[in-house]
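Here the structure is laid out as structure tokens; the discussion comes afterwards.
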Amino acid sequence: MTRARLLVAALALGGCRAAISDANYDRSALAPAGPAARILAQLGLPVLVGFVVASLVLCGLVVWLGWRRTGRFDEHAAVSAGGGFGWMLVGGFVIPGVVFVALFVATLGVLDAFPMADHVKPGRAAIRVVGHQWWWEVQYLEGDLQAHFTTANEIHIPTGRAIELELVSADVIHSFWVPRLHGKVDLVPGIANHIRIEADHAGRFEGACAEFCGLQHATMRFVVVADAPPDYARWLAHQRQPAEEPTDAAALRGRDVFQSGACPMCHAIGGTTARATVGPDLTHIGSRLRIGAGWLTNDVASLHAWIVDAPALRPGVQMPPLTMFTGVQLHDLVTYLEGLK
Ligand code: CUA
């Protein structure tokens with residue numbers, strides 16, 4: 001049985017592509033695309049250059065020492081312990097002192113200019129991000145209760161506007177990091193952290209968990225999609241709708257497979273009786289760029305493999321291998337899910 005399962009998974013995995021090397025997603029902190037990241041880069045870049053120069057000088061001194069070495073210990077008298085005090089004073093106190101005081105003052109400037117979230121008025125957050133082992137729940141909280149909706153592993157924001165995020169955790173400490181938009185901020189159980197992110201231009205910005213949180217920490221990815229305000233408004237309006245009724249026969253059968261199987265025990269699909277919140281909300285899963293917390297491209301092959309044996313793709317995930325489906329059932333199920341645009 002296990003061998004058969006492995007074989008099925010291996011065959012399905014053949015079609016899988018890890019999305020992580022996708023060149024469309026930028027993740028360099030030195031190429032900021034928003035105010036918060038820009039302020040950090042203004043300090044980060046000089047510090048990086050300065051420390052590289054200091055390292056080169058140190059390496060140069062070591063090489064120079066080796067170069068000027070003449071003779072061996074047994075050929076020379078013991079070196080006097082005195083002398084060299086000037087070197088120690090300048091290299092050990094004066095230079096580090098000047099560097100650290102300058103860094104401290106510059107850091108105070110960065111702290112002062114950093115766009116902080118509004119802590120004065122709690123409950124203002126437009127989006128709440130909940131860290132789970134190992135995926136991101138994204139709750140949109142703007143408007144009245146009927147307008148709220150939940151998605152996963154993909155955060156859409158409009159360009160040119162600061163968006164307040166509330167960061168919380170459902171289990172252990174995670175860390176929210178979108179290098180081109182903001183520095184790392186922890187998601188701590190029982191504590192809500194608030195940040196403000198803003199994107200200058202439309203684009204897809206890679207995000208990742210930056211705090212070790214267990215087996216799949218390294219694959220706990222997400223993407224921030226920044227769209228021009230009209231595009232964002234369209235996306236928002238569509239996400240607020242319940243899942244579309246499938247029209248073709250395979251998708252209709254797939255919906256039955258979903259509803260009668262184990263799926264509704266963990267997942268929700270808006271407009272159906274599936275309401276569980278253990279795993280990601282799947283209402284518009286077909287519209288997302290990736291699956292498996294940003295680890296795999298969202299296509300038929302990845303979805304097949306994920307359903308059949310998710311733990312083979314990301315060992316430790318809660319989703320069990322679902323090997324009870326026939327080939328036709330699996331095909332119908334994937335057709336249904338991919339159709340949930
Ligand atoms: Cu979540 Cu590391």
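Lettering and numbering for the structure tokens are positional, with chains as A, B, ... in the shown order, residues counted from 1 in each chain, and ligands counted from 1 in the shown order.
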| said: Can you pull out the residues contacting Leu181 (chain A)? Cut-off 7 Å, using only C-alpha atoms, and skip same-chain residues under 4 positions away; I want them as a list in words. | reply: Pro32, Ala33, Gly34, Ala36, Ala37, Ile197, Glu198 and Ala199 of chain A
With ligand 1 as the partner and 7 Å as the cut-off, tabulate the residues of chain A that qualify, each row holding the nearest pair of atoms and their distance in Å to one decimal, using only C-alpha atoms and all ligand atoms, sorted by chain and rising number, as JSON lines.
```
{"residue": "A:Gly131", "atom": "CA", "partner": "ligand 1", "partner_atom_place_in_ligand_line": "1 (Cu)", "distance": 6.6}
{"residue": "A:His132", "atom": "CA", "partner": "ligand 1", "partner_atom_place_in_ligand_line": "1 (Cu)", "distance": 6.9}
{"residue": "A:Gln133", "atom": "CA", "partner": "ligand 1", "partner_atom_place_in_ligand_line": "1 (Cu)", "distance": 6.2}
{"residue": "A:Trp134", "atom": "CA", "partner": "ligand 1", "partner_atom_place_in_ligand_line": "1 (Cu)", "distance": 5.8}
{"residue": "A:Ile173", "atom": "CA", "partner": "ligand 1", "partner_atom_place_in_ligand_line": "1 (Cu)", "distance": 6.9}
{"residue": "A:His174", "atom": "CA", "partner": "ligand 1", "partner_atom_place_in_ligand_line": "1 (Cu)", "distance": 4.1}
{"residue": "A:Ser175", "atom": "CA", "partner": "ligand 1", "partner_atom_place_in_ligand_line": "1 (Cu)", "distance": 6.2}
{"residue": "A:Cys209", "atom": "CA", "partner": "ligand 1", "partner_atom_place_in_ligand_line": "2 (Cu)", "distance": 4.4}
{"residue": "A:Ala210", "atom": "CA", "partner": "ligand 1", "partner_atom_place_in_ligand_line": "2 (Cu)", "distance": 5.5}
{"residue": "A:Glu211", "atom": "CA", "partner": "ligand 1", "partner_atom_place_in_ligand_line": "2 (Cu)", "distance": 4.4}
{"residue": "A:Phe212", "atom": "CA", "partner": "ligand 1", "partner_atom_place_in_ligand_line": "2 (Cu)", "distance": 4.2}
{"residue": "A:Cys213", "atom": "CA", "partner": "ligand 1", "partner_atom_place_in_ligand_line": "2 (Cu)", "distance": 4.0}
{"residue": "A:Gly214", "atom": "CA", "partner": "ligand 1", "partner_atom_place_in_ligand_line": "2 (Cu)", "distance": 6.6}
{"residue": "A:His217", "atom": "CA", "partner": "ligand 1", "partner_atom_place_in_ligand_line": "2 (Cu)", "distance": 3.8}
{"residue": "A:Ala218", "atom": "CA", "partner": "ligand 1", "partner_atom_place_in_ligand_line": "2 (Cu)", "distance": 6.6}
{"residue": "A:Met220", "atom": "CA", "partner": "ligand 1", "partner_atom_place_in_ligand_line": "1 (Cu)", "distance": 5.8}
```
Write out as an mmCIF file with N, CA and C atoms, in the first residue's frame each polymer residue whose atoms come within 12 Å of Glu206 (chain A), counting only C-alpha atoms; drop sequence neighbours fewer than 2 positions from it.
```cif
data_model
loop_
_atom_site.group_PDB
_atom_site.id
_atom_site.type_symbol
_atom_site.label_atom_id
_atom_site.label_comp_id
_atom_site.auth_asym_id
_atom_site.auth_seq_id
_atom_site.Cartn_x
_atom_site.Cartn_y
_atom_site.Cartn_z
ATOM 1 N N ALA A 19 7.813 26.890 -7.313
ATOM 2 C CA ALA A 19 7.628 28.242 -7.836
ATOM 3 C C ALA A 19 8.718 29.189 -7.369
ATOM 4 N N ILE A 20 9.562 28.694 -6.474
ATOM 5 C CA ILE A 20 10.430 29.566 -5.726
ATOM 6 C C ILE A 20 11.489 30.256 -6.574
ATOM 7 N N SER A 21 11.843 29.641 -7.719
ATOM 8 C CA SER A 21 12.897 30.243 -8.542
ATOM 9 C C SER A 21 12.307 31.158 -9.614
ATOM 10 N N ASP A 22 11.001 31.393 -9.549
ATOM 11 C CA ASP A 22 10.329 32.229 -10.540
ATOM 12 C C ASP A 22 10.948 33.629 -10.568
ATOM 13 N N ALA A 23 11.474 34.001 -11.727
ATOM 14 C CA ALA A 23 12.182 35.281 -11.831
ATOM 15 C C ALA A 23 11.229 36.469 -11.797
ATOM 16 N N ASN A 24 9.908 36.214 -11.895
ATOM 17 C CA ASN A 24 8.949 37.317 -11.871
ATOM 18 C C ASN A 24 8.778 37.900 -10.483
ATOM 19 N N TYR A 25 9.267 37.189 -9.486
ATOM 20 C CA TYR A 25 9.066 37.632 -8.120
ATOM 21 C C TYR A 25 10.372 38.178 -7.570
ATOM 22 N N ASP A 26 10.338 39.460 -7.196
ATOM 23 C CA ASP A 26 11.543 40.099 -6.694
ATOM 24 C C ASP A 26 11.591 40.017 -5.188
ATOM 25 N N ARG A 27 12.791 39.860 -4.643
ATOM 26 C CA ARG A 27 12.878 39.765 -3.188
ATOM 27 C C ARG A 27 14.143 40.402 -2.640
ATOM 28 N N SER A 28 14.719 41.389 -3.352
ATOM 29 C CA SER A 28 15.927 42.026 -2.841
ATOM 30 C C SER A 28 15.589 43.223 -1.959
ATOM 31 N N ALA A 29 16.093 43.183 -0.722
ATOM 32 C CA ALA A 29 15.863 44.294 0.205
ATOM 33 C C ALA A 29 16.591 45.553 -0.273
ATOM 34 N N ALA A 33 10.640 48.903 -2.921
ATOM 35 C CA ALA A 33 9.507 49.298 -3.772
ATOM 36 C C ALA A 33 8.435 49.997 -2.949
ATOM 37 N N ASN A 153 -2.152 32.915 1.619
ATOM 38 C CA ASN A 153 -0.825 32.913 0.997
ATOM 39 C C ASN A 153 -0.631 33.930 -0.132
ATOM 40 N N GLU A 154 -1.568 34.843 -0.267
ATOM 41 C CA GLU A 154 -1.471 35.852 -1.317
ATOM 42 C C GLU A 154 -2.158 37.108 -0.801
ATOM 43 N N ILE A 155 -1.420 38.202 -0.728
ATOM 44 C CA ILE A 155 -1.969 39.449 -0.191
ATOM 45 C C ILE A 155 -2.026 40.464 -1.315
ATOM 46 N N PHE A 176 6.951 37.853 9.470
ATOM 47 C CA PHE A 176 6.424 38.327 8.188
ATOM 48 C C PHE A 176 7.493 39.177 7.510
ATOM 49 N N TRP A 177 7.905 38.757 6.313
ATOM 50 C CA TRP A 177 8.979 39.508 5.643
ATOM 51 C C TRP A 177 8.738 39.591 4.141
ATOM 52 N N VAL A 178 8.542 40.822 3.674
ATOM 53 C CA VAL A 178 8.498 41.096 2.232
ATOM 54 C C VAL A 178 9.643 42.067 1.977
ATOM 55 N N PRO A 179 10.824 41.550 1.594
ATOM 56 C CA PRO A 179 12.030 42.390 1.564
ATOM 57 C C PRO A 179 11.875 43.699 0.789
ATOM 58 N N ARG A 180 11.113 43.708 -0.308
ATOM 59 C CA ARG A 180 11.017 44.929 -1.108
ATOM 60 C C ARG A 180 10.007 45.929 -0.540
ATOM 61 N N LEU A 181 9.222 45.504 0.471
ATOM 62 C CA LEU A 181 8.205 46.409 1.005
ATOM 63 C C LEU A 181 8.390 46.752 2.481
ATOM 64 N N HIS A 182 8.975 45.855 3.265
ATOM 65 C CA HIS A 182 9.028 46.095 4.718
ATOM 66 C C HIS A 182 10.066 45.173 5.348
ATOM 67 N N GLY A 203 3.170 45.227 -9.044
ATOM 68 C CA GLY A 203 4.166 44.164 -9.154
ATOM 69 C C GLY A 203 3.846 43.039 -8.202
ATOM 70 N N ARG A 204 4.658 41.997 -8.289
ATOM 71 C CA ARG A 204 4.521 40.860 -7.380
ATOM 72 C C ARG A 204 5.764 40.813 -6.506
ATOM 73 N N ALA A 208 8.310 35.805 2.728
ATOM 74 C CA ALA A 208 8.671 34.528 3.344
ATOM 75 C C ALA A 208 8.604 34.662 4.861
ATOM 76 N N CYS A 209 8.493 33.513 5.513
ATOM 77 C CA CYS A 209 8.596 33.487 6.961
ATOM 78 C C CYS A 209 10.075 33.604 7.319
ATOM 79 N N MET A 220 7.577 28.234 3.810
ATOM 80 C CA MET A 220 6.422 29.043 4.222
ATOM 81 C C MET A 220 6.488 30.396 3.514
ATOM 82 N N ARG A 221 6.101 30.381 2.254
ATOM 83 C CA ARG A 221 6.230 31.578 1.419
ATOM 84 C C ARG A 221 4.865 32.213 1.175
ATOM 85 N N PHE A 222 4.899 33.406 0.628
ATOM 86 C CA PHE A 222 3.677 34.057 0.164
ATOM 87 C C PHE A 222 4.057 35.121 -0.846
ATOM 88 N N VAL A 223 3.060 35.733 -1.442
ATOM 89 C CA VAL A 223 3.360 36.781 -2.405
ATOM 90 C C VAL A 223 2.424 37.959 -2.157
ATOM 91 N N VAL A 224 3.001 39.161 -2.251
ATOM 92 C CA VAL A 224 2.184 40.374 -2.185
ATOM 93 C C VAL A 224 1.999 40.864 -3.618
ATOM 94 N N VAL A 225 0.741 40.982 -4.030
ATOM 95 C CA VAL A 225 0.429 41.455 -5.373
ATOM 96 C C VAL A 225 -0.081 42.890 -5.250
ATOM 97 N N ALA A 226 0.699 43.832 -5.799
ATOM 98 C CA ALA A 226 0.267 45.232 -5.785
ATOM 99 C C ALA A 226 -0.329 45.562 -7.145
ATOM 100 N N LEU A 289 -1.904 32.489 -7.532
ATOM 101 C CA LEU A 289 -0.701 32.229 -8.327
ATOM 102 C C LEU A 289 -0.057 30.905 -7.945
ATOM 103 N N ARG A 290 -0.165 30.539 -6.678
ATOM 104 C CA ARG A 290 0.533 29.344 -6.210
ATOM 105 C C ARG A 290 -0.329 28.559 -5.227
ATOM 106 N N ALA A 293 1.231 27.160 0.254
ATOM 107 C CA ALA A 293 1.887 28.327 0.855
ATOM 108 C C ALA A 293 2.981 28.897 -0.039
ATOM 109 N N GLY A 294 2.620 29.123 -1.285
ATOM 110 C CA GLY A 294 3.555 29.786 -2.184
ATOM 111 C C GLY A 294 4.713 28.923 -2.640
ATOM 112 N N TRP A 295 4.593 27.612 -2.419
ATOM 113 C CA TRP A 295 5.722 26.735 -2.720
ATOM 114 C C TRP A 295 5.646 26.156 -4.128
#
```
| field | From A:Thr150, A:Ser169, A:Gln216, A:Thr323, residue lying nearest Leu187 (chain A) [only C-alpha atoms] | value | A:Ser169
| request: Choose the residue, out of A:Asp227, A:Gly91, A:Leu45, A:Ile291, that has the smallest atom-to-atom separation from Trp306 (chain A); count only C-alpha atoms. | output: A:Ile291
| task | Could you give me, as a PyMOL selection string, each residue of region 133-254 of chain A that DSSP assigns to strand (DSSP E) when run on this structure's backbone? | result | chain A and resi 135-140+149-152+154-158+163-169+174-177+185-187+193-197+203-209+221-227
| message | Among region 238-333 of chain A, which ones does DSSP assign to helix (DSSP H, G or I) (computed from the backbone)? Answer as number ranges by chain. | response | A: 238-239, 249-260, 263-265, 285-287, 300-313, 327-333
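Separating CA of Val53 (chain A) from CA of Pro35 (chain A) is a distance of 27.4 Å.
Look at Phe325 (chain A): the protein and nucleic acid residues within 12 Å of it, using only C-alpha atoms and passing over chain neighbours fewer than 3 places away, are Arg5, Val8, Gly254, Val257, Phe258, Ser260, Gly261, Ala262, Cys263, His304, Ile307, Val308, Asp309, Pro321, Leu322, Val328, Gln329, Leu330, His331, Asp332, Leu333 and Val334 of chain A.
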| query | To one decimal place, how far is CA of Val317 (chain A) from CA of Arg128 (chain A) in Å? | reply | 22.4 Å
| request: For Ile39 (chain A), please output as number ranges by chain all residues within 10 Å (counting only C-alpha atoms; exclusion window: fewer than 6 positions along the same chain). | output: A: 32, 109-111, 113-115, 182-183
| request: Could you give me, as a PyMOL selection string, the residues within 8 Å of Ala125 (chain A), counting only C-alpha atoms and dropping anything in the same chain fewer than 6 positions from it? | output: chain A and resi 141+163-166+194
Using the selection just defined, write its residues with all heavy atoms as a JSON list (two decimals), in the first residue's frame.
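Written out: result18.json:
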```
[["chain", "number", "residue", "atom", "x", "y", "z"],
["A", 141, "LEU", "N", -10.58, 42.90, 6.24],
["A", 141, "LEU", "CA", -11.50, 43.38, 7.27],
["A", 141, "LEU", "C", -12.15, 44.72, 6.94],
["A", 141, "LEU", "O", -12.78, 45.33, 7.79],
["A", 141, "LEU", "CB", -10.75, 43.50, 8.60],
["A", 141, "LEU", "CG", -9.98, 42.26, 9.05],
["A", 141, "LEU", "CD1", -9.15, 42.56, 10.28],
["A", 141, "LEU", "CD2", -10.92, 41.10, 9.32],
["A", 163, "ILE", "N", -1.27, 50.59, 3.63],
["A", 163, "ILE", "CA", -2.24, 49.60, 4.10],
["A", 163, "ILE", "C", -1.80, 49.11, 5.48],
["A", 163, "ILE", "O", -0.65, 48.71, 5.67],
["A", 163, "ILE", "CB", -2.30, 48.40, 3.12],
["A", 163, "ILE", "CG1", -2.68, 48.87, 1.72],
["A", 163, "ILE", "CG2", -3.28, 47.35, 3.63],
["A", 163, "ILE", "CD1", -4.07, 49.45, 1.61],
["A", 164, "GLU", "N", -2.74, 49.14, 6.42],
["A", 164, "GLU", "CA", -2.43, 48.68, 7.78],
["A", 164, "GLU", "C", -2.63, 47.17, 7.87],
["A", 164, "GLU", "O", -3.67, 46.65, 7.49],
["A", 164, "GLU", "CB", -3.35, 49.37, 8.78],
["A", 164, "GLU", "CG", -3.42, 50.88, 8.63],
["A", 164, "GLU", "CD", -2.76, 51.61, 9.79],
["A", 164, "GLU", "OE1", -2.60, 51.01, 10.85],
["A", 164, "GLU", "OE2", -2.41, 52.79, 9.60],
["A", 165, "LEU", "N", -1.61, 46.50, 8.36],
["A", 165, "LEU", "CA", -1.70, 45.05, 8.55],
["A", 165, "LEU", "C", -1.64, 44.73, 10.04],
["A", 165, "LEU", "O", -0.86, 45.32, 10.77],
["A", 165, "LEU", "CB", -0.53, 44.32, 7.87],
["A", 165, "LEU", "CG", -0.36, 44.38, 6.37],
["A", 165, "LEU", "CD1", 0.69, 43.35, 5.95],
["A", 165, "LEU", "CD2", -1.65, 44.11, 5.65],
["A", 166, "GLU", "N", -2.46, 43.78, 10.44],
["A", 166, "GLU", "CA", -2.36, 43.24, 11.79],
["A", 166, "GLU", "C", -1.77, 41.85, 11.66],
["A", 166, "GLU", "O", -2.24, 41.03, 10.88],
["A", 166, "GLU", "CB", -3.75, 43.18, 12.43],
["A", 166, "GLU", "CG", -3.74, 42.65, 13.85],
["A", 166, "GLU", "CD", -5.16, 42.52, 14.40],
["A", 166, "GLU", "OE1", -5.95, 43.46, 14.28],
["A", 166, "GLU", "OE2", -5.47, 41.43, 14.95],
["A", 194, "HIS", "N", 1.31, 45.52, 14.55],
["A", 194, "HIS", "CA", 0.74, 46.29, 13.44],
["A", 194, "HIS", "C", 1.84, 46.91, 12.60],
["A", 194, "HIS", "O", 2.79, 47.47, 13.14],
["A", 194, "HIS", "CB", -0.16, 47.41, 13.97],
["A", 194, "HIS", "CG", -1.41, 46.90, 14.62],
["A", 194, "HIS", "ND1", -1.44, 46.45, 15.91],
["A", 194, "HIS", "CD2", -2.66, 46.74, 14.12],
["A", 194, "HIS", "CE1", -2.67, 46.04, 16.20],
["A", 194, "HIS", "NE2", -3.42, 46.20, 15.14]]
```
